[in-house]
$ cat start-v3.pdb   # PDB, N, CA and C atoms
ATOM      1  N   MET A  21      42.860  36.741   1.389
ATOM      2  CA  MET A  21      42.447  37.690   2.384
ATOM      3  C   MET A  21      41.462  38.658   1.751
ATOM      4  N   VAL A  22      40.357  38.930   2.466
ATOM      5  CA  VAL A  22      39.307  39.799   1.952
ATOM      6  C   VAL A  22      39.405  41.144   2.653
ATOM      7  N   THR A  23      39.342  42.218   1.899
ATOM      8  CA  THR A  23      39.368  43.564   2.463
ATOM      9  C   THR A  23      37.969  44.156   2.346
ATOM     10  N   LEU A  24      37.441  44.612   3.474
ATOM     11  CA  LEU A  24      36.116  45.221   3.480
ATOM     12  C   LEU A  24      36.257  46.725   3.556
ATOM     13  N   SER A  25      35.445  47.427   2.820
ATOM     14  CA  SER A  25      35.441  48.889   2.894
ATOM     15  C   SER A  25      34.008  49.349   3.106
ATOM     16  N   SER A  26      33.852  50.504   3.711
ATOM     17  CA  SER A  26      32.510  51.016   3.957
ATOM     18  C   SER A  26      31.902  51.531   2.664
ATOM     19  N   LEU A  27      30.621  51.370   2.551
ATOM     20  CA  LEU A  27      29.913  51.841   1.365
ATOM     21  C   LEU A  27      29.612  53.319   1.521
ATOM     22  N   PRO A  28      29.796  54.101   0.496
ATOM     23  CA  PRO A  28      29.478  55.528   0.610
ATOM     24  C   PRO A  28      27.968  55.723   0.658
ATOM     25  N   LEU A  29      27.524  56.661   1.500
ATOM     26  CA  LEU A  29      26.104  56.981   1.582
ATOM     27  C   LEU A  29      25.734  57.896   0.428
ATOM     28  N   PRO A  30      24.526  57.749  -0.077
ATOM     29  CA  PRO A  30      24.101  58.648  -1.155
ATOM     30  C   PRO A  30      24.034  60.095  -0.643
ATOM     31  N   ALA A  31      24.187  61.029  -1.538
ATOM     32  CA  ALA A  31      24.180  62.446  -1.159
ATOM     33  C   ALA A  31      22.837  62.861  -0.576
ATOM     34  N   THR A  32      21.772  62.176  -0.951
ATOM     35  CA  THR A  32      20.437  62.522  -0.454
ATOM     36  C   THR A  32      19.964  61.474   0.550
ATOM     37  N   SER A  33      20.779  61.179   1.550
ATOM     38  CA  SER A  33      20.382  60.181   2.542
ATOM     39  C   SER A  33      19.309  60.776   3.462
ATOM     40  N   PRO A  34      18.373  59.960   3.922
ATOM     41  CA  PRO A  34      17.296  60.462   4.781
ATOM     42  C   PRO A  34      17.852  61.035   6.083
ATOM     43  N   ALA A  35      17.164  62.034   6.623
ATOM     44  CA  ALA A  35      17.626  62.710   7.838
ATOM     45  C   ALA A  35      17.491  61.809   9.068
ATOM     46  N   LYS A  36      16.607  60.830   9.046
ATOM     47  CA  LYS A  36      16.367  59.979  10.202
ATOM     48  C   LYS A  36      17.370  58.825  10.324
ATOM     49  N   VAL A  37      18.229  58.669   9.345
ATOM     50  CA  VAL A  37      19.203  57.585   9.373
ATOM     51  C   VAL A  37      20.399  58.031  10.204
ATOM     52  N   ILE A  38      20.779  57.187  11.181
ATOM     53  CA  ILE A  38      21.945  57.494  11.998
ATOM     54  C   ILE A  38      22.993  56.411  11.776
ATOM     55  N   THR A  39      24.214  56.734  12.096
ATOM     56  CA  THR A  39      25.282  55.758  11.921
ATOM     57  C   THR A  39      25.394  54.891  13.162
ATOM     58  N   LEU A  40      25.995  53.752  13.000
ATOM     59  CA  LEU A  40      26.183  52.838  14.117
ATOM     60  C   LEU A  40      27.106  53.442  15.169
ATOM     61  N   ASN A  41      28.070  54.241  14.756
ATOM     62  CA  ASN A  41      28.982  54.889  15.704
ATOM     63  C   ASN A  41      28.240  55.829  16.644
ATOM     64  N   GLU A  42      27.213  56.514  16.139
ATOM     65  CA  GLU A  42      26.429  57.408  16.989
ATOM     66  C   GLU A  42      25.708  56.623  18.080
ATOM     67  N   VAL A  43      25.165  55.485  17.737
ATOM     68  CA  VAL A  43      24.449  54.663  18.707
ATOM     69  C   VAL A  43      25.416  54.048  19.701
ATOM     70  N   ARG A  44      26.536  53.535  19.213
ATOM     71  CA  ARG A  44      27.523  52.918  20.107
ATOM     72  C   ARG A  44      28.075  53.905  21.117
ATOM     73  N   SER A  45      28.236  55.159  20.720
ATOM     74  CA  SER A  45      28.802  56.141  21.641
ATOM     75  C   SER A  45      27.852  56.427  22.801
ATOM     76  N   GLN A  46      26.567  56.216  22.608
ATOM     77  CA  GLN A  46      25.607  56.442  23.689
ATOM     78  C   GLN A  46      25.714  55.373  24.764
ATOM     79  N   TYR A  47      26.108  54.169  24.391
ATOM     80  CA  TYR A  47      26.137  53.050  25.327
ATOM     81  C   TYR A  47      27.545  52.505  25.517
ATOM     82  N   ALA A  48      28.508  53.378  25.509
ATOM     83  CA  ALA A  48      29.896  52.961  25.683
ATOM     84  C   ALA A  48      30.094  52.431  27.101
ATOM     85  N   PRO A  49      30.870  51.360  27.271
ATOM     86  CA  PRO A  49      31.065  50.776  28.593
ATOM     87  C   PRO A  49      31.652  51.742  29.609
ATOM     88  N   GLY A  50      32.512  52.656  29.193
ATOM     89  CA  GLY A  50      33.139  53.576  30.122
ATOM     90  C   GLY A  50      32.313  54.814  30.420
ATOM     91  N   ARG A  51      31.204  54.986  29.735
ATOM     92  CA  ARG A  51      30.386  56.181  29.886
ATOM     93  C   ARG A  51      29.409  56.005  31.037
ATOM     94  N   CYS A  52      29.224  57.056  31.829
ATOM     95  CA  CYS A  52      28.324  57.008  32.993
ATOM     96  C   CYS A  52      26.871  56.869  32.526
ATOM     97  N   GLN A  53      26.136  55.989  33.170
ATOM     98  CA  GLN A  53      24.724  55.774  32.831
ATOM     99  C   GLN A  53      23.790  56.600  33.719
ATOM    100  N   HIS A  54      24.340  57.365  34.653
ATOM    101  CA  HIS A  54      23.583  58.249  35.537
ATOM    102  C   HIS A  54      22.496  57.491  36.302
ATOM    103  N   ARG A  55      22.878  56.403  36.947
ATOM    104  CA  ARG A  55      21.924  55.581  37.698
ATOM    105  C   ARG A  55      21.618  56.141  39.081
ATOM    106  N   GLN A  56      22.562  56.876  39.670
ATOM    107  CA  GLN A  56      22.330  57.482  40.978
ATOM    108  C   GLN A  56      22.229  58.986  40.787
ATOM    109  N   ILE A  57      21.107  59.551  41.184
ATOM    110  CA  ILE A  57      20.892  60.979  40.951
ATOM    111  C   ILE A  57      20.656  61.709  42.264
ATOM    112  N   LEU A  58      21.005  62.971  42.253
ATOM    113  CA  LEU A  58      20.739  63.870  43.366
ATOM    114  C   LEU A  58      19.770  64.932  42.875
ATOM    115  N   VAL A  59      18.719  65.182  43.647
ATOM    116  CA  VAL A  59      17.713  66.163  43.258
ATOM    117  C   VAL A  59      17.769  67.326  44.234
ATOM    118  N   ASP A  60      17.972  68.537  43.717
ATOM    119  CA  ASP A  60      17.939  69.751  44.518
ATOM    120  C   ASP A  60      16.587  70.412  44.263
ATOM    121  N   GLU A  61      15.665  70.240  45.206
ATOM    122  CA  GLU A  61      14.316  70.768  45.014
ATOM    123  C   GLU A  61      14.276  72.289  45.061
ATOM    124  N   MET A  62      15.169  72.896  45.829
ATOM    125  CA  MET A  62      15.178  74.362  45.940
ATOM    126  C   MET A  62      15.590  75.007  44.613
ATOM    127  N   LEU A  63      16.583  74.430  43.954
ATOM    128  CA  LEU A  63      17.069  74.987  42.691
ATOM    129  C   LEU A  63      16.459  74.303  41.470
ATOM    130  N   SER A  64      15.663  73.265  41.693
ATOM    131  CA  SER A  64      15.057  72.494  40.598
ATOM    132  C   SER A  64      16.110  71.945  39.651
ATOM    133  N   GLU A  65      17.151  71.348  40.231
ATOM    134  CA  GLU A  65      18.231  70.774  39.435
ATOM    135  C   GLU A  65      18.399  69.300  39.765
ATOM    136  N   VAL A  66      18.865  68.559  38.774
ATOM    137  CA  VAL A  66      19.144  67.136  38.943
ATOM    138  C   VAL A  66      20.605  66.925  38.540
ATOM    139  N   GLU A  67      21.335  66.191  39.382
ATOM    140  CA  GLU A  67      22.756  65.969  39.154
ATOM    141  C   GLU A  67      23.057  64.490  39.330
ATOM    142  N   CYS A  68      23.981  63.974  38.530
ATOM    143  CA  CYS A  68      24.418  62.592  38.666
ATOM    144  C   CYS A  68      25.318  62.489  39.887
ATOM    145  N   ALA A  69      25.022  61.542  40.780
ATOM    146  CA  ALA A  69      25.825  61.359  41.988
ATOM    147  C   ALA A  69      27.166  60.717  41.672
ATOM    148  N   ASP A  70      27.277  60.023  40.553
ATOM    149  CA  ASP A  70      28.515  59.338  40.204
ATOM    150  C   ASP A  70      29.513  60.266  39.510
ATOM    151  N   CYS A  71      29.069  60.946  38.459
ATOM    152  CA  CYS A  71      30.008  61.749  37.662
ATOM    153  C   CYS A  71      29.834  63.253  37.862
ATOM    154  N   GLY A  72      28.761  63.675  38.523
ATOM    155  CA  GLY A  72      28.560  65.095  38.794
ATOM    156  C   GLY A  72      27.957  65.880  37.648
ATOM    157  N   ALA A  73      27.542  65.229  36.590
ATOM    158  CA  ALA A  73      26.969  65.931  35.438
ATOM    159  C   ALA A  73      25.585  66.467  35.767
ATOM    160  N   LYS A  74      25.284  67.653  35.256
ATOM    161  CA  LYS A  74      23.946  68.225  35.392
ATOM    162  C   LYS A  74      23.041  67.507  34.395
ATOM    163  N   LEU A  75      21.883  67.045  34.867
ATOM    164  CA  LEU A  75      20.969  66.289  34.024
ATOM    165  C   LEU A  75      19.713  67.094  33.748
ATOM    166  N   ASN A  76      19.082  66.785  32.643
ATOM    167  CA  ASN A  76      17.820  67.413  32.287
ATOM    168  C   ASN A  76      16.732  66.848  33.203
ATOM    169  N   PRO A  77      16.054  67.693  33.996
ATOM    170  CA  PRO A  77      15.034  67.185  34.917
ATOM    171  C   PRO A  77      13.879  66.469  34.214
ATOM    172  N   VAL A  78      13.468  66.958  33.060
ATOM    173  CA  VAL A  78      12.351  66.332  32.344
ATOM    174  C   VAL A  78      12.767  64.964  31.806
ATOM    175  N   ALA A  79      13.966  64.869  31.265
ATOM    176  CA  ALA A  79      14.449  63.586  30.762
ATOM    177  C   ALA A  79      14.615  62.592  31.902
ATOM    178  N   THR A  80      15.084  63.066  33.053
ATOM    179  CA  THR A  80      15.240  62.194  34.216
ATOM    180  C   THR A  80      13.884  61.712  34.703
ATOM    181  N   LEU A  81      12.900  62.606  34.751
ATOM    182  CA  LEU A  81      11.547  62.228  35.161
ATOM    183  C   LEU A  81      10.950  61.213  34.190
ATOM    184  N   ALA A  82      11.175  61.404  32.900
ATOM    185  CA  ALA A  82      10.661  60.462  31.897
ATOM    186  C   ALA A  82      11.307  59.094  32.069
ATOM    187  N   ARG A  83      12.627  59.056  32.310
ATOM    188  CA  ARG A  83      13.321  57.782  32.518
ATOM    189  C   ARG A  83      12.798  57.068  33.756
ATOM    190  N   LEU A  84      12.607  57.826  34.849
ATOM    191  CA  LEU A  84      12.101  57.228  36.082
ATOM    192  C   LEU A  84      10.675  56.698  35.909
ATOM    193  N   SER A  85       9.855  57.406  35.146
ATOM    194  CA  SER A  85       8.488  56.936  34.926
ATOM    195  C   SER A  85       8.468  55.672  34.069
ATOM    196  N   ARG A  86       9.372  55.575  33.072
ATOM    197  CA  ARG A  86       9.456  54.346  32.269
ATOM    198  C   ARG A  86       9.895  53.169  33.137
ATOM    199  N   GLU A  87      10.890  53.410  34.002
ATOM    200  CA  GLU A  87      11.360  52.336  34.883
ATOM    201  C   GLU A  87      10.267  51.910  35.851
ATOM    202  N   GLU A  88       9.530  52.881  36.388
ATOM    203  CA  GLU A  88       8.459  52.564  37.332
ATOM    204  C   GLU A  88       7.353  51.770  36.641
ATOM    205  N   SER A  89       7.019  52.141  35.422
ATOM    206  CA  SER A  89       6.002  51.401  34.662
ATOM    207  C   SER A  89       6.455  49.971  34.423
ATOM    208  N   ARG A  90       7.738  49.797  34.122
ATOM    209  CA  ARG A  90       8.271  48.455  33.914
ATOM    210  C   ARG A  90       8.194  47.640  35.204
ATOM    211  N   TYR A  91       8.508  48.263  36.344
ATOM    212  CA  TYR A  91       8.433  47.564  37.623
ATOM    213  C   TYR A  91       7.001  47.148  37.940
ATOM    214  N   VAL A  92       6.040  48.020  37.639
ATOM    215  CA  VAL A  92       4.628  47.699  37.884
ATOM    216  C   VAL A  92       4.203  46.516  37.026
ATOM    217  N   GLN A  93       4.616  46.504  35.748
ATOM    218  CA  GLN A  93       4.265  45.397  34.863
ATOM    219  C   GLN A  93       4.905  44.091  35.326
ATOM    220  N   GLU A  94       6.164  44.160  35.786
ATOM    221  CA  GLU A  94       6.838  42.954  36.271
ATOM    222  C   GLU A  94       6.160  42.434  37.536
ATOM    223  N   ALA A  95       5.729  43.328  38.427
ATOM    224  CA  ALA A  95       5.024  42.917  39.644
ATOM    225  C   ALA A  95       3.677  42.284  39.292
ATOM    226  N   LYS A  96       2.991  42.833  38.300
ATOM    227  CA  LYS A  96       1.712  42.270  37.872
ATOM    228  C   LYS A  96       1.910  40.868  37.310
ATOM    229  N   ARG A  97       2.947  40.689  36.479
ATOM    230  CA  ARG A  97       3.225  39.360  35.929
ATOM    231  C   ARG A  97       3.603  38.369  37.033
ATOM    232  N   ALA A  98       4.339  38.833  38.034
ATOM    233  CA  ALA A  98       4.719  37.948  39.146
ATOM    234  C   ALA A  98       3.489  37.528  39.941
ATOM    235  N   ARG A  99       2.570  38.486  40.196
ATOM    236  CA  ARG A  99       1.328  38.136  40.917
ATOM    237  C   ARG A  99       0.493  37.136  40.121
ATOM    238  N   GLU A 100       0.420  37.334  38.801
ATOM    239  CA  GLU A 100      -0.332  36.402  37.959
ATOM    240  C   GLU A 100       0.300  35.017  37.982
ATOM    241  N   ALA A 101       1.628  34.955  37.985
ATOM    242  CA  ALA A 101       2.316  33.660  38.042
ATOM    243  C   ALA A 101       2.063  32.978  39.379
ATOM    244  N   ILE A 102       2.075  33.744  40.463
ATOM    245  CA  ILE A 102       1.796  33.170  41.783
ATOM    246  C   ILE A 102       0.368  32.662  41.845
ATOM    247  N   ASP A 103      -0.576  33.433  41.312
ATOM    248  CA  ASP A 103      -1.974  32.987  41.297
ATOM    249  C   ASP A 103      -2.128  31.708  40.480
ATOM    250  N   ALA A 104      -1.443  31.628  39.349
ATOM    251  CA  ALA A 104      -1.519  30.419  38.514
ATOM    252  C   ALA A 104      -0.955  29.216  39.258
ATOM    253  N   LEU A 105       0.135  29.411  39.996
ATOM    254  CA  LEU A 105       0.703  28.306  40.776
ATOM    255  C   LEU A 105      -0.207  27.909  41.929
ATOM    256  N   ASN A 106      -0.835  28.914  42.559
ATOM    257  CA  ASN A 106      -1.746  28.605  43.661
ATOM    258  C   ASN A 106      -2.970  27.828  43.183
ATOM    259  N   LYS A 107      -3.402  28.067  41.960
ATOM    260  CA  LYS A 107      -4.546  27.323  41.424
ATOM    261  C   LYS A 107      -4.196  25.858  41.196
ATOM    262  N   ARG A 108      -2.913  25.598  40.951
ATOM    263  CA  ARG A 108      -2.489  24.227  40.706
ATOM    264  C   ARG A 108      -2.366  23.392  41.980
ATOM    265  N   VAL A 109      -2.348  24.027  43.140
ATOM    266  CA  VAL A 109      -2.205  23.282  44.389
ATOM    267  C   VAL A 109      -3.557  23.033  45.029
ATOM    268  N   ARG A 110      -4.604  23.113  44.249
ATOM    269  CA  ARG A 110      -5.958  22.841  44.733
ATOM    270  C   ARG A 110      -6.557  21.719  43.889
ATOM    271  N   CYS A 111      -7.459  20.987  44.512
ATOM    272  CA  CYS A 111      -8.131  19.922  43.771
ATOM    273  C   CYS A 111      -9.606  19.884  44.176
ATOM    274  N   LYS A 112     -10.389  19.174  43.402
ATOM    275  CA  LYS A 112     -11.821  19.082  43.670
ATOM    276  C   LYS A 112     -12.063  17.949  44.664
ATOM    277  N   CYS A 113     -12.773  18.275  45.735
ATOM    278  CA  CYS A 113     -13.091  17.289  46.771
ATOM    279  C   CYS A 113     -14.090  16.272  46.214
ATOM    280  N   LEU A 114     -13.830  14.997  46.470
ATOM    281  CA  LEU A 114     -14.725  13.946  45.990
ATOM    282  C   LEU A 114     -16.038  13.912  46.757
ATOM    283  N   HIS A 115     -16.052  14.421  47.997
ATOM    284  CA  HIS A 115     -17.254  14.355  48.834
ATOM    285  C   HIS A 115     -18.184  15.540  48.592
ATOM    286  N   CYS A 116     -17.637  16.784  48.635
ATOM    287  CA  CYS A 116     -18.498  17.965  48.528
ATOM    288  C   CYS A 116     -18.435  18.640  47.163
ATOM    289  N   GLY A 117     -17.421  18.347  46.367
ATOM    290  CA  GLY A 117     -17.311  18.933  45.028
ATOM    291  C   GLY A 117     -16.662  20.292  45.001
ATOM    292  N   LYS A 118     -16.225  20.815  46.173
ATOM    293  CA  LYS A 118     -15.584  22.117  46.228
ATOM    294  C   LYS A 118     -14.082  21.982  45.994
ATOM    295  N   MET A 119     -13.473  23.091  45.582
ATOM    296  CA  MET A 119     -12.031  23.126  45.403
ATOM    297  C   MET A 119     -11.379  23.291  46.770
ATOM    298  N   THR A 120     -10.468  22.413  47.125
ATOM    299  CA  THR A 120      -9.789  22.459  48.414
ATOM    300  C   THR A 120      -8.283  22.398  48.199
ATOM    301  N   PRO A 121      -7.525  22.975  49.159
ATOM    302  CA  PRO A 121      -6.067  22.912  49.024
ATOM    303  C   PRO A 121      -5.555  21.490  49.197
ATOM    304  N   ILE A 122      -4.492  21.198  48.524
ATOM    305  CA  ILE A 122      -3.875  19.878  48.651
ATOM    306  C   ILE A 122      -3.026  19.900  49.920
ATOM    307  N   LEU A 123      -3.251  18.964  50.799
ATOM    308  CA  LEU A 123      -2.510  18.895  52.052
ATOM    309  C   LEU A 123      -1.206  18.141  51.852
ATOM    310  N   GLY A 124      -0.248  18.403  52.709
ATOM    311  CA  GLY A 124       1.017  17.706  52.639
ATOM    312  C   GLY A 124       2.053  18.380  51.786
ATOM    313  N   ARG A 125       1.768  19.538  51.272
ATOM    314  CA  ARG A 125       2.746  20.268  50.460
ATOM    315  C   ARG A 125       3.499  21.228  51.298
TER     316      ARG A 125
END

$ encode --input "start-v3.pdb" --output "C-alpha cells"
Amino acid sequence: MVTLSSLPLPATSPAKVITLNEVRSQYAPGRCQHRQILVDEMLSEVECADCGAKLNPVATLARLSREESRYVQEAKRAREAIDALNKRVRCKCLHCGKMTPILGR
C-alpha cells in the first residue's frame, strides 16, 4: 500500500500560485452559479434570482458580454457551415456553364 502526502510549498512561493482547493471551491456542484439575475434599475443593483445574493453589477455586465460574444461567434460559425453546405448542393450546368441548384433534394 502506498501512502501519498502533500509536498510542502517553499517559503517564497510566488503570489500568483493558487491551490487546487481554491479553484474547486469556486465551481462546487452545490454552489449557486447565479444564472438567473434580477436587475433593479432604480437602485442600480443586481441580485441572483435563485439564491438572493447581491451581485457586482460590473462583474455581471462583463459575464453577460462574454456570453453574448460567444453566442455571436457561434452564430457566425453556424452561418458559415450553412453556407458551406449550400455550396455543396449546387453543380455546374453542362449547357450554360453556370452554377445551378441540384434538383430532387

$ select_by_dssp --input "start-v3.pdb" --residues "region 36-87 of chain A" --states "strand (DSSP E)" --output "PyMOL selection string"
chain A and resi 57-60+65-68+74-75

$ write_last_selection --input "start-v3.pdb" --atoms "N, CA and C atoms" --output "PDB file, in the frame of the given file"
ATOM      1  N   ILE A  57      21.107  59.551  41.184  1.00  0.00           N
ATOM      2  CA  ILE A  57      20.892  60.979  40.951  1.00  0.00           C
ATOM      3  C   ILE A  57      20.656  61.709  42.264  1.00  0.00           C
ATOM      4  N   LEU A  58      21.005  62.971  42.253  1.00  0.00           N
ATOM      5  CA  LEU A  58      20.739  63.870  43.366  1.00  0.00           C
ATOM      6  C   LEU A  58      19.770  64.932  42.875  1.00  0.00           C
ATOM      7  N   VAL A  59      18.719  65.182  43.647  1.00  0.00           N
ATOM      8  CA  VAL A  59      17.713  66.163  43.258  1.00  0.00           C
ATOM      9  C   VAL A  59      17.769  67.326  44.234  1.00  0.00           C
ATOM     10  N   ASP A  60      17.972  68.537  43.717  1.00  0.00           N
ATOM     11  CA  ASP A  60      17.939  69.751  44.518  1.00  0.00           C
ATOM     12  C   ASP A  60      16.587  70.412  44.263  1.00  0.00           C
ATOM     13  N   GLU A  65      17.151  71.348  40.231  1.00  0.00           N
ATOM     14  CA  GLU A  65      18.231  70.774  39.435  1.00  0.00           C
ATOM     15  C   GLU A  65      18.399  69.300  39.765  1.00  0.00           C
ATOM     16  N   VAL A  66      18.865  68.559  38.774  1.00  0.00           N
ATOM     17  CA  VAL A  66      19.144  67.136  38.943  1.00  0.00           C
ATOM     18  C   VAL A  66      20.605  66.925  38.540  1.00  0.00           C
ATOM     19  N   GLU A  67      21.335  66.191  39.382  1.00  0.00           N
ATOM     20  CA  GLU A  67      22.756  65.969  39.154  1.00  0.00           C
ATOM     21  C   GLU A  67      23.057  64.490  39.330  1.00  0.00           C
ATOM     22  N   CYS A  68      23.981  63.974  38.530  1.00  0.00           N
ATOM     23  CA  CYS A  68      24.418  62.592  38.666  1.00  0.00           C
ATOM     24  C   CYS A  68      25.318  62.489  39.887  1.00  0.00           C
ATOM     25  N   LYS A  74      25.284  67.653  35.256  1.00  0.00           N
ATOM     26  CA  LYS A  74      23.946  68.225  35.392  1.00  0.00           C
ATOM     27  C   LYS A  74      23.041  67.507  34.395  1.00  0.00           C
ATOM     28  N   LEU A  75      21.883  67.045  34.867  1.00  0.00           N
ATOM     29  CA  LEU A  75      20.969  66.289  34.024  1.00  0.00           C
ATOM     30  C   LEU A  75      19.713  67.094  33.748  1.00  0.00           C
TER      31      LEU A  75
END

$ atom_distance --input "start-v3.pdb" --atom1 "CA of Val59 (chain A)" --atom2 "CA of Ser89 (chain A)"
20.7 Å

$ residues_near_point --input "start-v3.pdb" --point "(15.7, 62.4, 31.5)" --cutoff "12 Å" --atoms "only C-alpha atoms" --output "PyMOL selection string"
chain A and resi 53-55+57+65-68+74-87

$ atom_distance --input "start-v3.pdb" --atom1 "CA of Lys112 (chain A)" --atom2 "CA of Lys96 (chain A)"
27.5 Å

$ atom_distance --input "start-v3.pdb" --atom1 "CA of Arg90 (chain A)" --atom2 "CA of Arg51 (chain A)"
23.8 Å

$ select_by_dssp --input "start-v3.pdb" --residues "region 37-90 of chain A" --states "alpha helix (DSSP H)" --output "JSON, numbers by chain"
{"A": [40, 41, 42, 43, 44, 45, 46, 77, 78, 79, 80, 81, 82, 83, 84, 85, 86, 87, 88, 89, 90]}
